[in-house]
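Source file: my_file-v7.cif. Holds: mmCIF, C-alpha atoms and all ligand atoms.
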```cif
data_data
#
loop_
_atom_site.label_atom_id
_atom_site.label_comp_id
_atom_site.auth_asym_id
_atom_site.auth_seq_id
_atom_site.Cartn_x
_atom_site.Cartn_y
_atom_site.Cartn_z
CA MET D 10 -69.21 71.65 34.32
CA SER D 11 -72.10 71.85 31.82
CA SER D 12 -73.94 68.70 30.76
CA PHE D 13 -72.45 66.41 28.13
CA GLY D 14 -75.31 67.31 25.78
CA SER D 15 -74.55 71.01 26.00
CA ARG D 16 -70.80 70.44 25.58
CA LEU D 17 -71.54 68.37 22.49
CA LYS D 18 -73.92 71.01 21.15
CA HIS D 19 -71.16 73.58 21.54
CA ALA D 20 -68.76 71.25 19.69
CA PHE D 21 -71.30 70.90 16.85
CA GLU D 22 -71.56 74.69 16.58
CA GLU D 23 -67.82 75.22 16.68
CA TYR D 24 -66.55 72.31 14.58
CA GLY D 25 -69.45 70.54 12.90
CA ARG D 26 -70.60 66.96 13.25
CA LEU D 27 -67.57 64.77 12.59
CA CYS D 28 -66.05 62.48 15.22
CA VAL D 29 -62.64 60.98 14.46
CA GLY D 30 -62.23 57.34 15.48
CA ILE D 31 -58.97 56.34 17.13
CA ASP D 32 -58.95 52.69 15.99
CA PRO D 33 -55.49 51.13 15.87
CA HIS D 34 -56.54 48.02 13.93
CA PRO D 35 -54.19 45.02 13.93
CA GLY D 36 -51.49 45.66 11.35
CA MET D 37 -51.99 49.41 11.31
CA LEU D 38 -49.02 50.30 13.53
CA PRO D 39 -46.47 48.57 11.24
CA GLU D 40 -48.23 50.13 8.22
CA TRP D 41 -47.59 53.50 9.81
CA GLY D 42 -43.95 52.55 10.42
CA LEU D 43 -44.54 52.42 14.20
CA PRO D 44 -43.41 49.69 16.62
CA ASP D 45 -46.14 47.09 17.06
CA ASP D 46 -46.34 47.64 20.82
CA ALA D 47 -47.66 50.09 23.41
CA SER D 48 -45.14 52.77 22.42
CA GLY D 49 -46.45 52.55 18.85
CA LEU D 50 -50.05 52.77 20.11
CA ARG D 51 -49.20 55.86 22.11
CA GLU D 52 -47.62 57.56 19.09
CA PHE D 53 -50.60 56.53 16.94
CA GLY D 54 -53.02 58.08 19.46
CA SER D 55 -50.97 61.27 19.64
CA ARG D 56 -50.90 61.71 15.88
CA VAL D 57 -54.65 61.25 15.54
CA VAL D 58 -55.27 63.69 18.38
CA GLU D 59 -52.93 66.23 16.82
CA ALA D 60 -54.65 65.94 13.43
CA SER D 61 -58.05 66.36 15.12
CA VAL D 62 -57.46 69.34 17.39
CA GLY D 63 -58.95 72.52 15.95
CA ARG D 64 -60.71 70.53 13.19
CA VAL D 65 -63.30 68.47 15.05
CA GLY D 66 -64.76 68.58 18.54
CA VAL D 67 -64.92 64.86 19.31
CA VAL D 68 -62.75 61.74 19.12
CA LYS D 69 -63.73 58.13 19.81
CA PRO D 70 -61.01 55.70 20.84
CA GLN D 71 -61.99 52.08 20.20
CA VAL D 72 -61.04 50.43 23.50
CA ALA D 73 -60.71 46.89 22.08
CA PHE D 74 -57.74 47.78 19.90
CA PHE D 75 -55.85 49.08 22.95
CA GLU D 76 -56.98 46.25 25.24
CA ALA D 77 -55.53 43.76 22.74
CA TYR D 78 -52.06 45.00 23.75
CA GLY D 79 -52.62 44.16 27.42
CA VAL D 80 -51.78 46.29 30.42
CA ALA D 81 -49.36 48.50 28.49
CA GLY D 82 -52.02 49.01 25.81
CA MET D 83 -54.51 50.19 28.42
CA ARG D 84 -51.91 52.61 29.78
CA ALA D 85 -51.47 53.97 26.23
CA LEU D 86 -55.25 54.37 26.04
CA ALA D 87 -55.37 56.25 29.35
CA GLU D 88 -52.63 58.59 28.14
CA THR D 89 -54.37 59.11 24.78
CA ILE D 90 -57.66 59.98 26.52
CA ALA D 91 -55.86 62.41 28.83
CA GLU D 92 -54.03 64.04 25.92
CA ALA D 93 -57.25 64.47 23.93
CA LYS D 94 -59.12 65.98 26.88
CA GLN D 95 -56.20 68.26 27.67
CA ALA D 96 -56.34 69.50 24.06
CA GLY D 97 -60.04 70.38 24.51
CA LEU D 98 -61.52 67.45 22.59
CA LEU D 99 -64.56 65.56 23.87
CA VAL D 100 -63.75 61.86 24.23
CA ILE D 101 -66.24 59.03 23.69
CA ALA D 102 -64.81 55.77 25.05
CA ASP D 103 -66.10 53.07 22.74
CA ALA D 104 -66.14 50.12 25.12
CA LYS D 105 -69.78 48.99 24.56
CA ARG D 106 -70.22 48.05 28.21
CA GLY D 107 -73.36 46.30 29.43
CA ASP D 108 -73.87 44.46 32.73
CA ILE D 109 -76.13 44.49 35.77
CA GLY D 110 -76.32 46.21 39.13
CA SER D 111 -73.07 46.93 40.93
CA THR D 112 -71.04 45.56 38.01
CA MET D 113 -72.58 48.10 35.63
CA ALA D 114 -71.94 50.77 38.25
CA ALA D 115 -68.26 49.78 38.40
CA TYR D 116 -67.91 49.95 34.60
CA ALA D 117 -69.51 53.40 34.59
CA GLU D 118 -67.19 54.53 37.38
CA ALA D 119 -64.16 53.28 35.43
CA TRP D 120 -65.08 55.04 32.20
CA LEU D 121 -66.90 58.19 33.33
CA ASN D 122 -65.28 59.41 36.56
CA PRO D 123 -63.11 62.26 35.27
CA GLU D 124 -60.60 61.59 38.07
CA GLY D 125 -60.11 57.98 36.97
CA ASP D 126 -57.47 56.69 34.56
CA PHE D 127 -59.99 56.30 31.71
CA GLY D 128 -62.38 59.14 32.54
CA ALA D 129 -64.06 59.97 29.22
CA ASP D 130 -66.83 62.44 28.44
CA ALA D 131 -69.13 59.64 27.27
CA LEU D 132 -69.26 55.85 26.98
CA THR D 133 -70.96 53.50 24.52
CA VAL D 134 -73.23 51.03 26.37
CA SER D 135 -75.29 47.97 25.47
CA PRO D 136 -78.96 47.79 26.57
CA PHE D 137 -79.39 44.14 25.61
CA LEU D 138 -79.44 42.95 29.23
CA GLY D 139 -82.58 45.09 29.56
CA PHE D 140 -82.66 48.89 29.33
CA GLY D 141 -83.09 49.17 33.10
CA SER D 142 -79.75 47.39 33.61
CA LEU D 143 -78.18 50.67 32.47
CA ASP D 144 -79.63 52.63 35.44
CA PRO D 145 -76.30 52.71 37.33
CA ALA D 146 -74.58 54.08 34.21
CA VAL D 147 -77.30 56.72 33.82
CA GLU D 148 -76.79 57.72 37.47
CA ALA D 149 -73.01 57.95 36.95
CA ALA D 150 -73.52 60.00 33.78
CA HIS D 151 -75.63 62.49 35.74
CA ARG D 152 -73.18 62.56 38.64
CA TYR D 153 -70.20 63.28 36.39
CA ASP D 154 -71.94 65.47 33.74
CA ALA D 155 -71.02 62.72 31.30
CA GLY D 156 -72.91 61.10 28.45
CA LEU D 157 -73.93 57.66 27.25
CA PHE D 158 -74.49 56.34 23.75
CA VAL D 159 -76.90 53.41 23.96
CA LEU D 160 -76.71 50.87 21.12
CA ALA D 161 -80.04 51.00 19.30
CA LEU D 162 -79.76 50.24 15.59
CA THR D 163 -76.15 49.30 15.02
CA SER D 164 -74.33 49.49 11.70
CA ASN D 165 -73.75 45.72 11.37
CA PRO D 166 -76.42 43.79 9.46
CA GLU D 167 -76.57 41.01 12.12
CA GLY D 168 -77.86 43.55 14.65
CA GLN D 169 -81.27 43.66 13.02
CA GLU D 170 -82.40 40.19 14.13
CA VAL D 171 -82.46 41.51 17.69
CA GLN D 172 -82.95 45.25 17.22
CA LEU D 173 -85.85 45.05 14.77
CA ALA D 174 -87.55 42.11 16.51
CA ARG D 175 -91.08 43.06 17.52
CA THR D 176 -92.80 42.92 20.89
CA GLU D 177 -96.41 44.00 21.52
CA HIS D 178 -95.02 47.58 21.96
CA GLY D 179 -93.16 47.72 18.65
CA THR D 180 -89.55 47.01 17.73
CA ILE D 181 -86.81 46.59 20.34
CA ALA D 182 -84.98 49.60 18.81
CA ALA D 183 -88.12 51.77 19.17
CA GLY D 184 -88.34 50.75 22.83
CA ILE D 185 -84.68 51.71 23.37
CA ALA D 186 -85.25 55.08 21.67
CA SER D 187 -88.25 55.90 23.83
CA ARG D 188 -86.54 54.82 27.08
CA ALA D 189 -83.57 57.07 26.20
CA ALA D 190 -85.95 59.92 25.30
CA ALA D 191 -87.57 59.71 28.74
CA LEU D 192 -84.15 60.30 30.36
CA ASN D 193 -83.36 63.42 28.36
CA GLY D 194 -85.93 65.95 29.55
CA GLU D 195 -86.18 69.21 27.66
CA ALA D 196 -82.55 69.89 26.69
CA GLU D 197 -81.82 71.03 23.15
CA LEU D 198 -79.43 68.10 22.89
CA GLY D 199 -79.69 65.37 25.51
CA SER D 200 -76.84 63.62 27.32
CA ILE D 201 -78.23 60.11 26.83
CA GLY D 202 -77.62 59.39 23.16
CA LEU D 203 -78.19 56.49 20.83
CA VAL D 204 -75.94 54.61 18.43
CA VAL D 205 -77.64 54.43 15.06
CA GLY D 206 -75.48 53.24 12.18
CA ALA D 207 -74.99 55.50 9.18
CA THR D 208 -75.69 52.33 7.17
CA THR D 209 -78.91 51.47 9.04
CA ALA D 210 -80.49 54.87 9.83
CA TYR D 211 -83.01 54.43 6.99
CA LEU D 212 -84.40 51.44 8.91
CA ALA D 213 -85.53 53.77 11.70
CA GLN D 214 -87.80 55.66 9.30
CA ALA D 215 -88.92 52.45 7.60
CA ASN D 216 -89.94 50.98 10.98
CA GLY D 217 -91.53 54.12 12.44
CA ILE D 218 -88.79 54.65 15.04
CA ASP D 219 -88.79 58.30 16.12
CA LEU D 220 -85.17 59.37 16.72
CA THR D 221 -86.10 62.99 17.47
CA GLN D 222 -87.99 62.29 20.73
CA GLY D 223 -85.96 63.64 23.66
CA ARG D 224 -83.37 65.01 21.21
CA PRO D 225 -80.71 62.37 21.94
CA PRO D 226 -77.36 62.84 20.23
CA LEU D 227 -77.03 60.13 17.58
CA LEU D 228 -73.62 58.54 17.15
CA ALA D 229 -73.49 57.32 13.56
CA PRO D 230 -70.66 54.94 12.67
CA GLY D 231 -70.58 53.40 9.21
CA TYR D 232 -69.74 56.48 7.15
CA GLY D 233 -66.85 55.83 4.74
CA ALA D 234 -65.23 52.45 5.33
CA GLN D 235 -68.56 50.65 5.91
CA GLY D 236 -70.08 52.21 2.80
CA ALA D 237 -72.49 54.95 3.95
CA THR D 238 -72.27 58.21 2.00
CA ALA D 239 -73.10 61.68 3.35
CA GLN D 240 -76.13 61.88 1.07
CA ALA D 241 -77.49 58.49 2.17
CA MET D 242 -77.02 59.41 5.83
CA ARG D 243 -78.86 62.68 5.45
CA GLU D 244 -81.79 60.91 3.84
CA GLY D 245 -81.65 58.03 6.31
CA PHE D 246 -81.74 60.26 9.39
CA GLY D 247 -84.36 62.65 7.97
CA ASP D 248 -85.63 65.06 10.64
CA ALA D 249 -83.07 63.79 13.19
CA TRP D 250 -80.09 64.87 11.06
CA ASP D 251 -79.14 67.85 13.24
CA GLN D 252 -78.63 65.48 16.22
CA VAL D 253 -76.15 63.30 14.31
CA LEU D 254 -72.47 62.92 15.18
CA VAL D 255 -70.84 61.06 12.30
CA ASN D 256 -67.90 58.79 13.15
CA SER D 257 -65.16 58.01 10.69
CA SER D 258 -62.23 55.79 11.63
CA ARG D 259 -60.53 53.74 8.87
CA ASP D 260 -61.33 56.16 6.05
CA ILE D 261 -59.27 58.80 7.84
CA LEU D 262 -56.63 56.54 9.42
CA ARG D 263 -55.63 54.91 6.15
CA ARG D 264 -54.37 58.33 5.06
CA GLY D 265 -51.72 58.26 7.87
CA PRO D 266 -49.09 58.23 9.17
CA GLU D 267 -48.22 61.86 8.40
CA ILE D 268 -50.15 64.31 10.55
CA LEU D 269 -50.68 66.71 7.65
CA ALA D 270 -52.22 63.99 5.48
CA LEU D 271 -54.46 62.89 8.38
CA ALA D 272 -55.52 66.48 8.95
CA GLU D 273 -56.40 66.82 5.28
CA ALA D 274 -58.53 63.66 5.48
CA VAL D 275 -60.29 65.07 8.57
CA ASP D 276 -61.02 68.35 6.77
CA GLU D 277 -62.42 66.53 3.73
CA ALA D 278 -64.70 64.29 5.81
CA ARG D 279 -65.89 67.19 7.94
CA ALA D 280 -66.78 69.21 4.84
CA ASP D 281 -68.50 66.19 3.27
CA VAL D 282 -70.81 65.64 6.24
CA ALA D 283 -71.43 69.34 6.95
O1 LIG D 301 -70.43 52.11 18.90
C1 LIG D 301 -69.78 52.26 17.85
O2 LIG D 301 -69.01 53.19 17.74
C2 LIG D 301 -70.07 51.39 16.72
C3 LIG D 301 -71.37 50.95 16.63
C4 LIG D 301 -71.82 50.36 15.44
O3 LIG D 301 -72.99 50.07 15.28
N1 LIG D 301 -70.92 50.18 14.43
C5 LIG D 301 -69.61 50.53 14.53
O4 LIG D 301 -68.87 50.37 13.54
N2 LIG D 301 -69.15 51.11 15.70
C6 LIG D 301 -67.73 51.46 15.86
O5 LIG D 301 -67.44 52.57 14.99
C7 LIG D 301 -66.14 52.43 14.39
C8 LIG D 301 -66.31 52.35 12.88
O6 LIG D 301 -65.07 52.40 12.24
P1 LIG D 301 -64.89 52.56 10.65
O7 LIG D 301 -65.84 51.62 10.01
O8 LIG D 301 -63.46 52.21 10.45
O9 LIG D 301 -65.18 54.02 10.33
C9 LIG D 301 -65.51 51.20 15.05
O10 LIG D 301 -64.79 51.64 16.19
C10 LIG D 301 -66.71 50.37 15.49
O11 LIG D 301 -66.46 49.57 16.62
#
```
When written as structure tokens, how does the structure in this file appear?
Amino acid sequence: MSSFGSRLKHAFEEYGRLCVGIDPHPGMLPEWGLPDDASGLREFGSRVVEASVGRVGVVKPQVAFFEAYGVAGMRALAETIAEAKQAGLLVIADAKRGDIGSTMAAYAEAWLNPEGDFGADALTVSPFLGFGSLDPAVEAAHRYDAGLFVLALTSNPEGQEVQLARTEHGTIAAGIASRAAALNGEAELGSIGLVVGATTAYLAQANGIDLTQGRPPLLAPGYGAQGATAQAMREGFGDAWDQVLVNSSRDILRRGPEILALAEAVDEARADVA
């Protein structure tokens, strides 16, 4: 298998830079006329996958919204991931895992081993136990040709008190960006990416954080429902714009439950961020 970075680059070329979020928020299943249980979750996941195939290259299930339904919810997640991969979509499991040593290794095994129940193409991870605590996840990503998206400058305003705090080497976010860059080598698009909010990207430029070093893919949530526009994102990311994968969840999902209406919303968002 080729590296995650090169699979993502191919997806960019084929389908553009939109990632559809599979986020079954509380209340959304009944709004869609689906049972508020694991069978409803499964149908929800299937509809979003169906509306995404052939329109975008990447989907991002939000693990928490499946986990909230217990064991049956996690089974629905596993089946949704398998269905998406089977349909040729890249899957980013948004579980924001962060731990140390063998525990981090076990999380990475759970989410990145393609033979496992939840084997995704990439996983969101938290570096706030120290960037080096992610080493076992980086090793697993290399072993499985998978990717990571390391939280750096998240879309929520509360993130900044930690992420823009300064050490003698600069901001915490700048440190995260340069540690990720060092892992990416010379690839046109690396496999170790960063999460930089569509709403907060401008803060990278304002604080001298270079997002182009190492060419990490940049997962950008915050477009649409959290208020970021395509124009603001383009300006905010500046020279790093061609590395950006824009996520949209609620803005698309609120157009459900019909697959045709969802597909139309996907097409509109994809064109808007092109
Ligand atoms: O890692 C993420 O995906 C993420 C990071 C971040 O900084 N902000 C953020 O909103 N997200 C996720 O991106 C999605 C955004 O959803 P919408 O705001 O509905 O488009 C949710 O699944 C969030 O958990």
Contacts to ligand LIG 301 (chain D) at 6 Å cut-off (only C-alpha atoms and all ligand atoms) as a list in words
Asp32, Gln71, Asp103, Thr133, Thr163, Ser164, Asn165, Gly206, Pro230, Gly231, Ala234, Gln235, Ser257, Ser258 and Arg259 of chain D
Report, in Å to a single decimal, how far apart CA of Tyr24 in chain D and CA of Glu124 in chain D are.
26.5 Å
Residue nearest Asp126 in chain D among D:Gln252, D:Thr112, D:Gln214, D:Thr89 (counting only C-alpha atoms):
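Answer, going by the shortest atom-to-atom distance: D:Thr89.
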Looking at only C-alpha atoms, which of D:Leu157, D:Ala150, D:Ala131, D:Val205 is the one that sits closest to Gln172 in chain D?
D:Val205
One decimal, in Å: what's the spacing between CA of Pro145 in chain D and CA of Ala114 in chain D?
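Between these atoms lies a distance of 4.9 Å.
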Looking at D:Ala161, D:Ala207, D:Val147, D:Ala60, which one is nearest to Leu192 in chain D, with distances taken over all atoms listed in the file?
D:Val147
For Ile261 in chain D: contacts at 12 Å, all atoms listed in the file, fewer than 3 positions along chain excluded, given as a PyMOL selection string
chain D and resi 27-33+56-57+60-61+232-234+256-258+264-279
Shell of 10 Å around Glu23 in chain D, only C-alpha atoms, local chain residues under 2 positions omitted, as a short mmCIF file (atom, residue, chain, number, x, y, z; two decimals) with C-alpha atoms, in the coordinates of the input:
```
data_model
loop_
_atom_site.label_atom_id
_atom_site.label_comp_id
_atom_site.auth_asym_id
_atom_site.auth_seq_id
_atom_site.Cartn_x
_atom_site.Cartn_y
_atom_site.Cartn_z
CA LEU D 17 -71.54 68.37 22.49
CA LYS D 18 -73.92 71.01 21.15
CA HIS D 19 -71.16 73.58 21.54
CA ALA D 20 -68.76 71.25 19.69
CA PHE D 21 -71.30 70.90 16.85
CA GLY D 25 -69.45 70.54 12.90
CA ARG D 26 -70.60 66.96 13.25
CA GLY D 63 -58.95 72.52 15.95
CA ARG D 64 -60.71 70.53 13.19
CA VAL D 65 -63.30 68.47 15.05
CA GLY D 66 -64.76 68.58 18.54
#
```
Need the axis-aligned box for range 111-127 of chain D with 4 Å each side, so what are the centre and edges in Å to one decimal, as AutoDock Vina command-line options?
```
--center_x -65.3 --center_y 53.9 --center_z 36.3 --size_x 23.6 --size_y 24.7 --size_z 17.2
```
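A straight line drawn from CA of Phe127 in chain D to CA of Met113 in chain D is 15.5 Å long.
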Which one is closest to Ala189 in chain D: D:Ala146, D:Ala85, D:Ala210, D:Val159? Count only C-alpha atoms.
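Among D:Ala146, D:Ala85, D:Ala210, D:Val159, it is D:Val159 that comes nearest to Ala189 in chain D.
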Option closest in space to Ala215 in chain D, from D:Gly107, D:Leu228, D:Ala190, D:Gly245 [counting all atoms listed in the file]:
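Checking each of D:Gly107, D:Leu228, D:Ala190, D:Gly245 against Ala215 in chain D, counting all atoms listed in the file, the winner is D:Gly245.
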D:Glu52, D:Asp251, D:Asp46, D:Asp130 ranked by distance to Ala102 in chain D, top pick (using only C-alpha atoms):
D:Asp130
Contacts of Asp248 in chain D within 9 Å, only C-alpha atoms, excl. fewer than 5 positions in-chain, as a CSV table (one decimal) with C-alpha atoms, in the frame of the given file:
```csv
chain,number,residue,atom,x,y,z
D,220,LEU,CA,-85.2,59.4,16.7
D,221,THR,CA,-86.1,63.0,17.5
D,243,ARG,CA,-78.9,62.7,5.4
```
